[in-house]
$ cat my_file-v4.cif   # mmCIF, C-alpha atoms
data_input
#
loop_
_atom_site.label_atom_id
_atom_site.label_comp_id
_atom_site.auth_asym_id
_atom_site.auth_seq_id
_atom_site.Cartn_x
_atom_site.Cartn_y
_atom_site.Cartn_z
CA MET A 1 -6.51 6.80 -9.07
CA HIS A 2 -2.83 6.70 -8.14
CA GLU A 3 -1.90 6.11 -11.81
CA LEU A 4 -1.21 9.84 -12.21
CA SER A 5 1.41 9.67 -9.49
CA ILE A 6 2.85 6.50 -11.04
CA ALA A 7 2.97 8.14 -14.49
CA GLN A 8 4.82 11.09 -12.93
CA ASN A 9 7.37 8.69 -11.44
CA ILE A 10 7.83 7.04 -14.85
CA LEU A 11 8.43 10.43 -16.48
CA ASP A 12 11.02 11.30 -13.83
CA ILE A 13 12.88 8.07 -14.60
CA VAL A 14 12.75 8.75 -18.36
CA ARG A 15 14.09 12.28 -17.87
CA GLU A 16 16.91 10.95 -15.70
CA SER A 17 17.81 8.25 -18.23
CA VAL A 18 17.74 10.24 -21.48
CA SER A 19 19.54 13.52 -22.19
CA PRO A 20 17.25 16.55 -22.66
CA HIS A 21 18.40 16.74 -26.30
CA ASP A 22 17.14 13.20 -26.98
CA LEU A 23 13.77 13.49 -25.18
CA PRO A 24 11.75 14.35 -28.35
CA GLY A 25 13.07 11.11 -29.86
CA VAL A 26 11.54 8.89 -27.18
CA ARG A 27 8.94 6.68 -28.85
CA VAL A 28 8.31 3.82 -26.44
CA VAL A 29 8.70 3.42 -22.69
CA LYS A 30 8.53 -0.25 -21.83
CA LEU A 31 7.13 -1.29 -18.47
CA ARG A 32 6.73 -4.54 -16.60
CA VAL A 33 3.50 -4.46 -14.60
CA GLY A 34 2.56 -7.39 -12.38
CA HIS A 35 -1.01 -8.67 -12.27
CA LEU A 36 -1.25 -7.69 -8.59
CA ALA A 37 0.66 -4.42 -8.86
CA GLY A 38 -2.61 -2.54 -8.43
CA VAL A 39 -2.22 -0.54 -11.62
CA VAL A 40 -4.92 -0.07 -14.27
CA PRO A 41 -3.14 0.04 -17.66
CA ASP A 42 -5.79 2.25 -19.34
CA SER A 43 -5.62 4.79 -16.50
CA LEU A 44 -1.84 4.75 -16.63
CA ASP A 45 -1.91 5.33 -20.42
CA PHE A 46 -4.35 8.18 -19.99
CA SER A 47 -2.28 9.78 -17.20
CA PHE A 48 0.92 9.42 -19.23
CA THR A 49 -0.71 11.11 -22.23
CA VAL A 50 -2.02 13.96 -20.08
CA LEU A 51 1.42 14.56 -18.59
CA THR A 52 3.32 14.41 -21.91
CA THR A 53 1.02 16.43 -24.19
CA ASP A 54 2.79 19.59 -25.39
CA THR A 55 6.10 18.48 -23.88
CA PRO A 56 9.23 17.13 -25.58
CA LEU A 57 7.94 13.66 -24.71
CA ARG A 58 4.71 14.08 -26.71
CA HIS A 59 5.64 11.26 -29.13
CA ALA A 60 6.29 8.76 -26.37
CA ARG A 61 3.83 5.99 -25.59
CA LEU A 62 3.81 3.27 -22.97
CA SER A 63 4.23 -0.39 -23.81
CA ILE A 64 3.06 -2.49 -20.89
CA ASP A 65 4.25 -6.04 -20.44
CA HIS A 66 1.67 -7.73 -18.22
CA ILE A 67 3.29 -10.19 -15.80
CA PRO A 68 1.04 -12.97 -14.48
CA PHE A 69 0.82 -13.78 -10.79
CA ALA A 70 2.88 -16.95 -10.32
CA VAL A 71 3.62 -18.89 -7.15
CA MET A 72 5.85 -21.85 -6.32
CA CYS A 73 5.04 -24.38 -3.61
CA ASN A 74 8.00 -25.17 -1.37
CA SER A 75 6.35 -28.41 -0.23
CA CYS A 76 5.66 -30.17 -3.55
CA GLY A 77 7.81 -28.02 -5.83
CA LYS A 78 4.98 -27.28 -8.28
CA SER A 79 4.43 -23.80 -9.72
CA PHE A 80 1.01 -22.34 -10.43
CA THR A 81 -0.61 -19.13 -11.62
CA ASN A 82 -3.99 -17.59 -10.84
CA GLU A 83 -5.89 -14.40 -11.47
CA ILE A 84 -7.04 -13.79 -7.91
CA GLY A 85 -3.86 -13.79 -5.88
CA PHE A 86 -4.29 -17.08 -4.00
CA VAL A 87 -1.00 -18.42 -2.69
CA LEU A 88 -2.25 -21.77 -1.33
CA CYS A 89 -0.93 -24.67 -3.42
CA PRO A 90 -3.82 -26.13 -5.48
CA THR A 91 -1.95 -29.44 -5.82
CA CYS A 92 -0.96 -30.34 -2.26
CA GLY A 93 -2.68 -27.62 -0.23
CA GLY A 94 0.67 -26.39 1.10
CA VAL A 95 0.87 -22.92 2.65
CA ASP A 96 4.65 -22.64 2.42
CA THR A 97 4.79 -20.94 -0.96
CA LYS A 98 6.90 -18.32 -2.68
CA ILE A 99 5.59 -15.64 -5.02
CA LEU A 100 7.62 -15.79 -8.24
CA SER A 101 6.07 -12.88 -10.13
CA GLY A 102 3.07 -10.60 -10.40
CA LEU A 103 4.07 -7.69 -8.14
CA GLU A 104 6.44 -5.93 -10.59
CA LEU A 105 6.22 -2.25 -11.40
CA GLN A 106 9.33 -1.41 -13.39
CA VAL A 107 10.58 0.69 -16.27
CA VAL A 108 12.77 -1.68 -18.27
CA GLU A 109 13.51 -0.03 -21.59
CA ILE A 110 13.28 3.24 -23.49
CA GLU A 111 13.21 3.23 -27.31
CA LEU A 112 14.51 6.33 -29.07
CA GLU A 113 14.39 7.43 -32.66
CA ASP A 114 17.04 9.64 -34.23
CA ILE A 115 15.74 13.17 -33.93
CA LYS A 116 17.87 15.01 -36.48
CA ALA A 117 14.81 15.40 -38.76
CA GLU A 118 12.79 17.14 -36.05
CA ALA A 119 13.20 20.69 -34.87
CA PRO A 120 14.17 20.92 -31.18
CA MET B 1 16.22 3.38 -33.39
CA SER B 2 18.26 2.95 -30.22
CA VAL B 3 17.28 1.33 -26.95
CA VAL B 4 18.21 2.34 -23.42
CA THR B 5 17.87 -0.56 -21.01
CA ILE B 6 17.32 0.59 -17.44
CA HIS B 7 15.34 -1.79 -15.18
CA ARG B 8 14.31 0.66 -12.49
CA LYS B 9 11.44 0.33 -10.04
CA VAL B 10 8.82 2.94 -10.84
CA LEU B 11 8.37 3.80 -7.16
CA GLU B 12 12.07 3.70 -6.26
CA LYS B 13 12.01 7.30 -4.98
CA ASN B 14 9.17 6.51 -2.62
CA ASP B 15 10.95 3.33 -1.50
CA GLU B 16 14.14 5.27 -0.80
CA ILE B 17 12.31 7.77 1.43
CA ALA B 18 10.48 4.88 3.10
CA ARG B 19 13.85 3.30 3.86
CA ARG B 20 14.96 6.57 5.49
CA ASN B 21 11.74 6.72 7.53
CA ARG B 22 12.22 3.10 8.63
CA GLU B 23 15.79 3.82 9.73
CA ARG B 24 14.60 6.81 11.74
CA PHE B 25 11.84 4.75 13.43
CA SER B 26 14.32 2.04 14.25
CA GLN B 27 16.77 4.52 15.80
CA LYS B 28 13.99 5.92 17.99
CA GLY B 29 12.75 2.45 18.95
CA THR B 30 9.32 3.29 17.50
CA PHE B 31 7.15 0.47 16.15
CA VAL B 32 5.04 1.75 13.25
CA ILE B 33 1.83 0.35 11.83
CA ASN B 34 0.18 1.49 8.62
CA LEU B 35 -3.57 1.11 9.13
CA VAL B 36 -5.39 0.57 5.82
CA SER B 37 -8.97 -0.18 4.76
CA SER B 38 -11.79 0.99 2.55
CA PRO B 39 -13.66 4.13 3.69
CA GLY B 40 -16.06 3.51 6.56
CA SER B 41 -14.71 0.16 7.76
CA GLY B 42 -13.84 1.68 11.12
CA LYS B 43 -10.11 2.45 11.07
CA THR B 44 -10.52 5.47 13.31
CA SER B 45 -12.79 3.57 15.69
CA VAL B 46 -10.25 0.73 15.92
CA LEU B 47 -7.61 3.35 16.64
CA GLU B 48 -9.76 4.95 19.36
CA ARG B 49 -10.35 1.61 21.09
CA THR B 50 -6.62 0.88 20.81
CA LEU B 51 -5.74 4.24 22.36
CA GLU B 52 -8.18 3.63 25.22
CA PHE B 53 -6.64 0.23 25.94
CA LEU B 54 -2.98 1.20 25.64
CA LYS B 55 -3.12 4.71 27.08
CA GLY B 56 -1.04 5.03 30.22
CA LYS B 57 0.80 1.82 29.39
CA VAL B 58 2.35 2.71 26.04
CA HIS B 59 3.65 6.06 24.84
CA LEU B 60 2.07 6.41 21.40
CA ALA B 61 1.50 8.89 18.61
CA VAL B 62 -0.72 9.08 15.53
CA ILE B 63 -0.43 10.36 11.97
CA GLU B 64 -3.84 10.82 10.35
CA GLY B 65 -4.19 10.74 6.58
CA ASP B 66 -7.32 12.14 4.98
CA VAL B 67 -8.36 13.46 1.62
CA GLN B 68 -10.12 16.40 3.21
CA THR B 69 -10.71 17.77 6.75
CA ASP B 70 -8.99 17.13 10.07
CA LEU B 71 -12.07 15.50 11.62
CA ASP B 72 -10.19 12.29 12.44
CA ALA B 73 -7.30 14.18 14.05
CA GLN B 74 -9.87 16.00 16.19
CA ARG B 75 -11.30 12.64 17.29
CA ILE B 76 -7.83 11.36 18.20
CA ALA B 77 -6.77 14.57 19.97
CA ARG B 78 -9.46 13.86 22.61
CA TYR B 79 -7.24 11.03 23.84
CA HIS B 80 -4.42 13.50 24.51
CA VAL B 81 -1.89 11.74 22.33
CA PRO B 82 0.36 13.58 19.86
CA VAL B 83 -1.38 13.63 16.49
CA VAL B 84 -0.40 15.11 13.12
CA GLN B 85 -2.93 15.43 10.31
CA ILE B 86 -1.92 14.98 6.68
CA VAL B 87 -4.54 16.31 4.26
CA THR B 88 -3.84 14.94 0.78
CA ASN B 89 -6.25 17.36 -0.97
CA GLY B 90 -7.68 14.72 -3.27
CA GLY B 91 -4.74 12.32 -3.19
CA CYS B 92 -5.96 8.74 -2.74
CA HIS B 93 -3.09 7.43 -0.62
CA LEU B 94 -0.21 8.46 1.63
CA GLU B 95 3.34 8.45 0.27
CA ALA B 96 6.60 8.13 2.19
CA LYS B 97 7.45 11.79 1.56
CA LEU B 98 4.20 12.96 3.19
CA VAL B 99 5.05 10.91 6.27
CA GLU B 100 8.62 12.24 6.29
CA ASP B 101 7.23 15.80 6.20
CA ALA B 102 4.72 15.01 8.95
CA LEU B 103 7.56 13.78 11.16
CA THR B 104 8.96 17.32 11.33
CA ASN B 105 5.90 18.11 13.46
CA LEU B 106 6.11 15.02 15.63
CA ASP B 107 8.66 14.32 18.35
CA LEU B 108 9.29 10.57 18.32
CA LYS B 109 11.40 10.63 21.48
CA GLY B 110 10.08 7.90 23.76
CA VAL B 111 7.24 7.00 21.36
CA LYS B 112 6.93 3.20 21.34
CA LEU B 113 4.04 2.95 18.92
CA LEU B 114 3.19 5.18 15.96
CA VAL B 115 -0.04 4.47 14.11
CA ILE B 116 -0.35 5.91 10.61
CA GLU B 117 -3.98 5.90 9.54
CA ASN B 118 -3.95 5.82 5.76
CA VAL B 119 -6.55 7.30 3.41
CA GLY B 120 -9.60 5.02 3.12
CA ASN B 121 -8.83 3.06 -0.05
CA LEU B 122 -8.09 -0.62 -0.62
CA VAL B 123 -6.14 -0.20 -3.85
CA CYS B 124 -3.62 2.62 -4.01
CA PRO B 125 -2.06 2.53 -0.50
CA SER B 126 -0.83 -1.04 -1.10
CA ASN B 127 1.79 0.26 -3.57
CA TYR B 128 3.36 2.79 -1.24
CA ASP B 129 5.76 1.75 1.48
CA LEU B 130 5.75 4.41 4.20
CA GLY B 131 8.54 2.88 6.28
CA GLU B 132 6.14 1.01 8.57
CA ALA B 133 6.96 -2.23 10.36
CA MET B 134 3.65 -3.72 9.28
CA LYS B 135 0.45 -3.00 7.41
CA VAL B 136 -2.75 -3.80 9.27
CA VAL B 137 -5.88 -4.08 7.14
CA VAL B 138 -9.36 -3.50 8.57
CA ALA B 139 -12.31 -5.17 6.80
CA SER B 140 -15.79 -4.84 8.24
CA THR B 141 -18.65 -7.33 8.08
CA THR B 142 -20.89 -4.76 6.37
CA GLU B 143 -18.56 -4.71 3.37
CA GLY B 144 -19.18 -8.40 2.67
CA ASP B 145 -16.96 -11.46 2.71
CA ASP B 146 -15.55 -10.99 -0.81
CA LYS B 147 -13.29 -8.00 -0.07
CA PRO B 148 -10.05 -10.05 -0.01
CA LEU B 149 -10.86 -11.49 -3.45
CA LYS B 150 -11.55 -8.06 -4.89
CA TYR B 151 -8.53 -6.34 -3.37
CA PRO B 152 -5.89 -9.08 -3.03
CA GLY B 153 -2.92 -6.69 -3.16
CA MET B 154 -3.80 -5.13 0.15
CA PHE B 155 -4.31 -8.44 1.95
CA LEU B 156 -1.12 -9.85 0.45
CA HIS B 157 1.00 -7.04 1.88
CA ALA B 158 -0.64 -6.94 5.33
CA SER B 159 0.58 -8.68 8.48
CA ALA B 160 -2.70 -8.56 10.37
CA LEU B 161 -6.40 -8.42 9.50
CA ILE B 162 -8.96 -6.88 11.82
CA ILE B 163 -12.49 -7.99 10.98
CA ASN B 164 -14.52 -5.14 12.41
CA LYS B 165 -18.25 -4.77 13.23
CA ILE B 166 -18.76 -8.42 14.21
CA ASP B 167 -21.68 -7.24 16.37
CA LEU B 168 -23.56 -6.57 13.10
CA LEU B 169 -23.17 -10.14 11.79
CA PRO B 170 -26.82 -11.08 12.54
CA TYR B 171 -28.02 -8.26 10.27
CA VAL B 172 -25.74 -8.58 7.23
CA SER B 173 -25.09 -11.33 4.71
CA CYS B 174 -21.46 -11.85 5.51
CA SER B 175 -19.87 -15.17 6.44
CA LEU B 176 -17.05 -14.70 8.92
CA GLU B 177 -15.56 -18.06 7.92
CA LEU B 178 -15.63 -17.18 4.23
CA LEU B 179 -14.10 -13.76 4.84
CA LYS B 180 -11.30 -15.30 6.91
CA GLY B 181 -10.84 -18.17 4.47
CA ASN B 182 -10.56 -15.85 1.49
CA ALA B 183 -8.02 -13.65 3.26
CA LEU B 184 -5.90 -16.62 4.35
CA LYS B 185 -5.84 -18.08 0.84
CA ILE B 186 -4.17 -14.85 -0.27
CA ASN B 187 -1.94 -14.55 2.77
CA PRO B 188 -1.75 -17.61 5.06
CA ALA B 189 0.50 -15.72 7.49
CA LEU B 190 -2.17 -13.09 8.29
CA LYS B 191 -2.94 -12.76 11.99
CA VAL B 192 -6.72 -12.38 12.20
CA PHE B 193 -8.66 -10.51 14.90
CA GLU B 194 -12.45 -10.37 15.14
CA MET B 195 -13.55 -7.08 16.66
CA SER B 196 -16.45 -4.88 17.57
CA CYS B 197 -15.62 -1.29 18.43
CA THR B 198 -19.11 -0.98 19.92
CA SER B 199 -18.88 -3.87 22.41
CA ASN B 200 -15.05 -3.79 22.60
CA ALA B 201 -14.92 -7.51 21.71
CA GLY B 202 -11.50 -8.49 20.40
CA VAL B 203 -9.87 -5.22 21.41
CA PRO B 204 -7.81 -6.65 24.30
CA GLU B 205 -6.55 -9.56 22.15
CA TRP B 206 -5.48 -7.18 19.38
CA CYS B 207 -3.80 -4.73 21.77
CA ARG B 208 -1.93 -7.46 23.67
CA TRP B 209 -0.65 -8.87 20.38
CA LEU B 210 0.42 -5.39 19.32
CA GLU B 211 2.24 -4.91 22.62
CA THR B 212 4.37 -7.99 21.99
CA HIS B 213 5.98 -6.12 19.07
CA LEU B 214 6.94 -3.00 21.00
CA SER B 215 10.43 -2.34 22.33
CA ARG B 216 10.77 -1.94 26.08
#
$ encode --input "my_file-v4.cif" --output "structure tokens"
Amino acid sequence: MHELSIAQNILDIVRESVSPHDLPGVRVVKLRVGHLAGVVPDSLDFSFTVLTTDTPLRHARLSIDHIPFAVMCNSCGKSFTNEIGFVLCPTCGGVDTKILSGLELQVVEIELEDIKAEAP
Amino acid sequence: MSVVTIHRKVLEKNDEIARRNRERFSQKGTFVINLVSSPGSGKTSVLERTLEFLKGKVHLAVIEGDVQTDLDAQRIARYHVPVVQIVTNGGCHLEAKLVEDALTNLDLKGVKLLVIENVGNLVCPSNYDLGEAMKVVVASTTEGDDKPLKYPGMFLHASALIINKIDLLPYVSCSLELLKGNALKINPALKVFEMSCTSNAGVPEWCRWLETHLSR
């Protein structure tokens, strides 16, 4: 259950990227989460909600872009994806492969709404 | 509606501290391994056998990570090596900052090998770089041969795999070949050691390999 610690890191990044005045306007925090990043989206959502309730960020929610695990074979040049995390090339059996995606854990975007209607 | 585009790694703060730790280890000439596994696979036993084999030959130190108690640090202290216990109080993994803090209680001068025993957990520790030179994953035969398939992240990030408790193979339904095969499909570069901490099988091979990484 390290999602709480990850949610805390996300909040730190949001607070560093948006001025305190604009925090109540944050609606969406967009993440890229790789298939093998070891993060459970539901747990992360739950942790984020727990940490933002009754704070200026209470209207913010996470939007998680799930990135598949993709590998390229340096021997035959073919790319492949799989759910498990195998890196052996299913076409030629090559072991010289490069992971293209699936390990990401990034905050990519923050969407804000104008907050003039809302009391600070 | 306005959009702020940032593209920042969620764990960048941890990674930055890990980089500092790594720099410090490198300056001191200390080779660091991050020992990871599920609870009960025998990390501490592997460490004890390693200490027995390398003691007197290699100046080493240990950082013990546990959710609760300093029982493991007590076990290690019997070998008269410097040991610092980190108690995470419920935390399921070690982070770079915890290691950085532990280093204030550990003199690395002359230490050639530092073993950080992580909290028993095959999921969370794989996300957190501590500044180690390599992760070593321990999987025991009693856990079954499907562990690499269930926890690929950990096997992907490791440099070596110790298959522990091979003396129990006759009593458990675990195929050594399947376990190895599954792990190598996820990480073909894994160096695999078969070990029994009861009979000491595989311990010399593992320790000699470890020694090849240490600075003189």
$ resolve_selection --input "my_file-v4.cif" --expression "the PyMOL selection byres ((chain B and resi 17) around 8)" --output "PDB file with C-alpha atoms, in the coordinates of the input"
ATOM      1  CA  LYS B  13      12.010   7.300  -4.980  1.00  0.00           C
ATOM      2  CA  ASN B  14       9.170   6.510  -2.620  1.00  0.00           C
ATOM      3  CA  ASP B  15      10.950   3.330  -1.500  1.00  0.00           C
ATOM      4  CA  GLU B  16      14.140   5.270  -0.800  1.00  0.00           C
ATOM      5  CA  ALA B  18      10.480   4.880   3.100  1.00  0.00           C
ATOM      6  CA  ARG B  19      13.850   3.300   3.860  1.00  0.00           C
ATOM      7  CA  ARG B  20      14.960   6.570   5.490  1.00  0.00           C
ATOM      8  CA  ASN B  21      11.740   6.720   7.530  1.00  0.00           C
ATOM      9  CA  ALA B  96       6.600   8.130   2.190  1.00  0.00           C
ATOM     10  CA  LYS B  97       7.450  11.790   1.560  1.00  0.00           C
ATOM     11  CA  GLU B 100       8.620  12.240   6.290  1.00  0.00           C
ATOM     12  CA  LEU B 130       5.750   4.410   4.200  1.00  0.00           C
ATOM     13  CA  GLY B 131       8.540   2.880   6.280  1.00  0.00           C
TER      14      GLY B 131
END
$ atom_distance --input "my_file-v4.cif" --atom1 "atom CA of Leu113 of chain B" --atom2 "atom CA of Val62 of chain B"
8.5 Å
$ interface_residues --input "my_file-v4.cif" --of "chain B" --to "chain A" --cutoff "9 Å" --atoms "all atoms listed in the file" --output "count of residues only"
35
$ residues_around --input "my_file-v4.cif" --residues "segment 41-51 of chain B" --least-positions-apart "2" --cutoff "7 Å" --atoms "only C-alpha atoms" --output "list in words"
Leu35, Ser37, Ser38, Pro39, Phe53, Leu54, Lys55, Asp72, Ile76, Val138, Ala139, Ser140, Asn164, Cys197, Val203 and Cys207 of chain B
$ resolve_selection --input "my_file-v4.cif" --expression "the PyMOL selection byres ((chain B and resi 66) around 9)" --output "number ranges by chain"
B: 64-65, 67-72, 85-94, 117-120
$ atom_distance --input "my_file-v4.cif" --atom1 "atom CA of Glu95 of chain B" --atom2 "atom CA of Gln27 of chain B"
20.9 Å
$ resolve_selection --input "my_file-v4.cif" --expression "the PyMOL selection byres ((chain A and resi 57) around 7)" --output "list in words"
Leu23, Pro24, Val26, Thr52, Thr55, Pro56, Arg58, His59 and Ala60 of chain A
$ atom_distance --input "my_file-v4.cif" --atom1 "atom CA of Met134 of chain B" --atom2 "atom CA of Val32 of chain B"
6.9 Å
$ closest_residue --input "my_file-v4.cif" --among "B:Ile166, B:Leu161, B:Val137, B:Leu122" --to "Leu190 of chain B" --atoms "only C-alpha atoms"
B:Leu161
$ axis_aligned_box --input "my_file-v4.cif" --around "segment 191-202 of chain B" --padding-each-side "5 Å" --output "JSON"
{"center_x": -11.0, "center_y": -6.9, "center_z": 17.3, "size_x": 26.2, "size_y": 21.8, "size_z": 20.6}
$ decode --input "my_file-v4.cif" --residues "segment 38-98 of chain A" --atoms "C-alpha atoms" --output "compact mmCIF listing (two decimals), in the first residue's frame"
# COMPACT_ATOMS: atom_id res chain seq x y z
CA GLY A 38 3.33 -1.22 -9.51
CA VAL A 39 0.49 1.18 -8.78
CA VAL A 40 -3.14 0.19 -8.18
CA PRO A 41 -5.31 2.97 -9.69
CA ASP A 42 -8.24 2.43 -7.28
CA SER A 43 -5.92 2.63 -4.25
CA LEU A 44 -4.28 5.73 -5.66
CA ASP A 45 -7.70 7.35 -6.22
CA PHE A 46 -8.75 6.48 -2.69
CA SER A 47 -5.50 7.83 -1.19
CA PHE A 48 -5.76 11.03 -3.23
CA THR A 49 -9.33 11.58 -2.01
CA VAL A 50 -8.34 10.98 1.61
CA LEU A 51 -5.50 13.48 1.35
CA THR A 52 -7.52 16.21 -0.41
CA THR A 53 -10.80 16.09 1.53
CA ASP A 54 -11.37 19.38 3.38
CA THR A 55 -8.39 21.01 1.66
CA PRO A 56 -8.30 23.60 -1.13
CA LEU A 57 -7.77 20.68 -3.52
CA ARG A 58 -11.07 18.99 -2.58
CA HIS A 59 -12.48 19.40 -6.12
CA ALA A 60 -9.49 17.78 -7.78
CA ARG A 61 -9.67 14.26 -9.15
CA LEU A 62 -7.09 12.04 -10.80
CA SER A 63 -7.27 11.08 -14.45
CA ILE A 64 -5.02 8.09 -15.06
CA ASP A 65 -3.71 7.32 -18.51
CA HIS A 66 -2.78 3.63 -18.47
CA ILE A 67 0.35 2.94 -20.53
CA PRO A 68 0.76 -0.62 -21.83
CA PHE A 69 3.99 -2.55 -21.40
CA ALA A 70 5.68 -2.45 -24.82
CA VAL A 71 9.01 -3.91 -25.88
CA MET A 72 11.08 -3.72 -29.07
CA CYS A 73 13.35 -6.53 -30.24
CA ASN A 74 16.77 -5.31 -31.35
CA SER A 75 17.34 -8.52 -33.32
CA CYS A 76 14.28 -8.62 -35.61
CA GLY A 77 13.05 -5.05 -35.11
CA LYS A 78 9.50 -6.11 -34.16
CA SER A 79 7.62 -4.46 -31.28
CA PHE A 80 5.27 -6.33 -28.98
CA THR A 81 3.14 -5.77 -25.90
CA ASN A 82 2.11 -8.13 -23.11
CA GLU A 83 0.35 -8.02 -19.78
CA ILE A 84 2.88 -10.02 -17.80
CA GLY A 85 6.14 -8.20 -18.34
CA PHE A 86 7.94 -10.72 -20.57
CA VAL A 87 10.75 -9.14 -22.55
CA LEU A 88 11.72 -12.15 -24.70
CA CYS A 89 10.78 -11.58 -28.34
CA PRO A 90 7.77 -13.80 -29.22
CA THR A 91 8.68 -13.62 -32.93
CA CYS A 92 12.37 -14.56 -33.04
CA GLY A 93 13.08 -15.51 -29.43
CA GLY A 94 15.67 -12.74 -29.13
CA VAL A 95 16.78 -11.62 -25.67
CA ASP A 96 18.30 -8.34 -26.83
CA THR A 97 15.22 -6.19 -26.34
CA LYS A 98 14.41 -2.67 -25.25
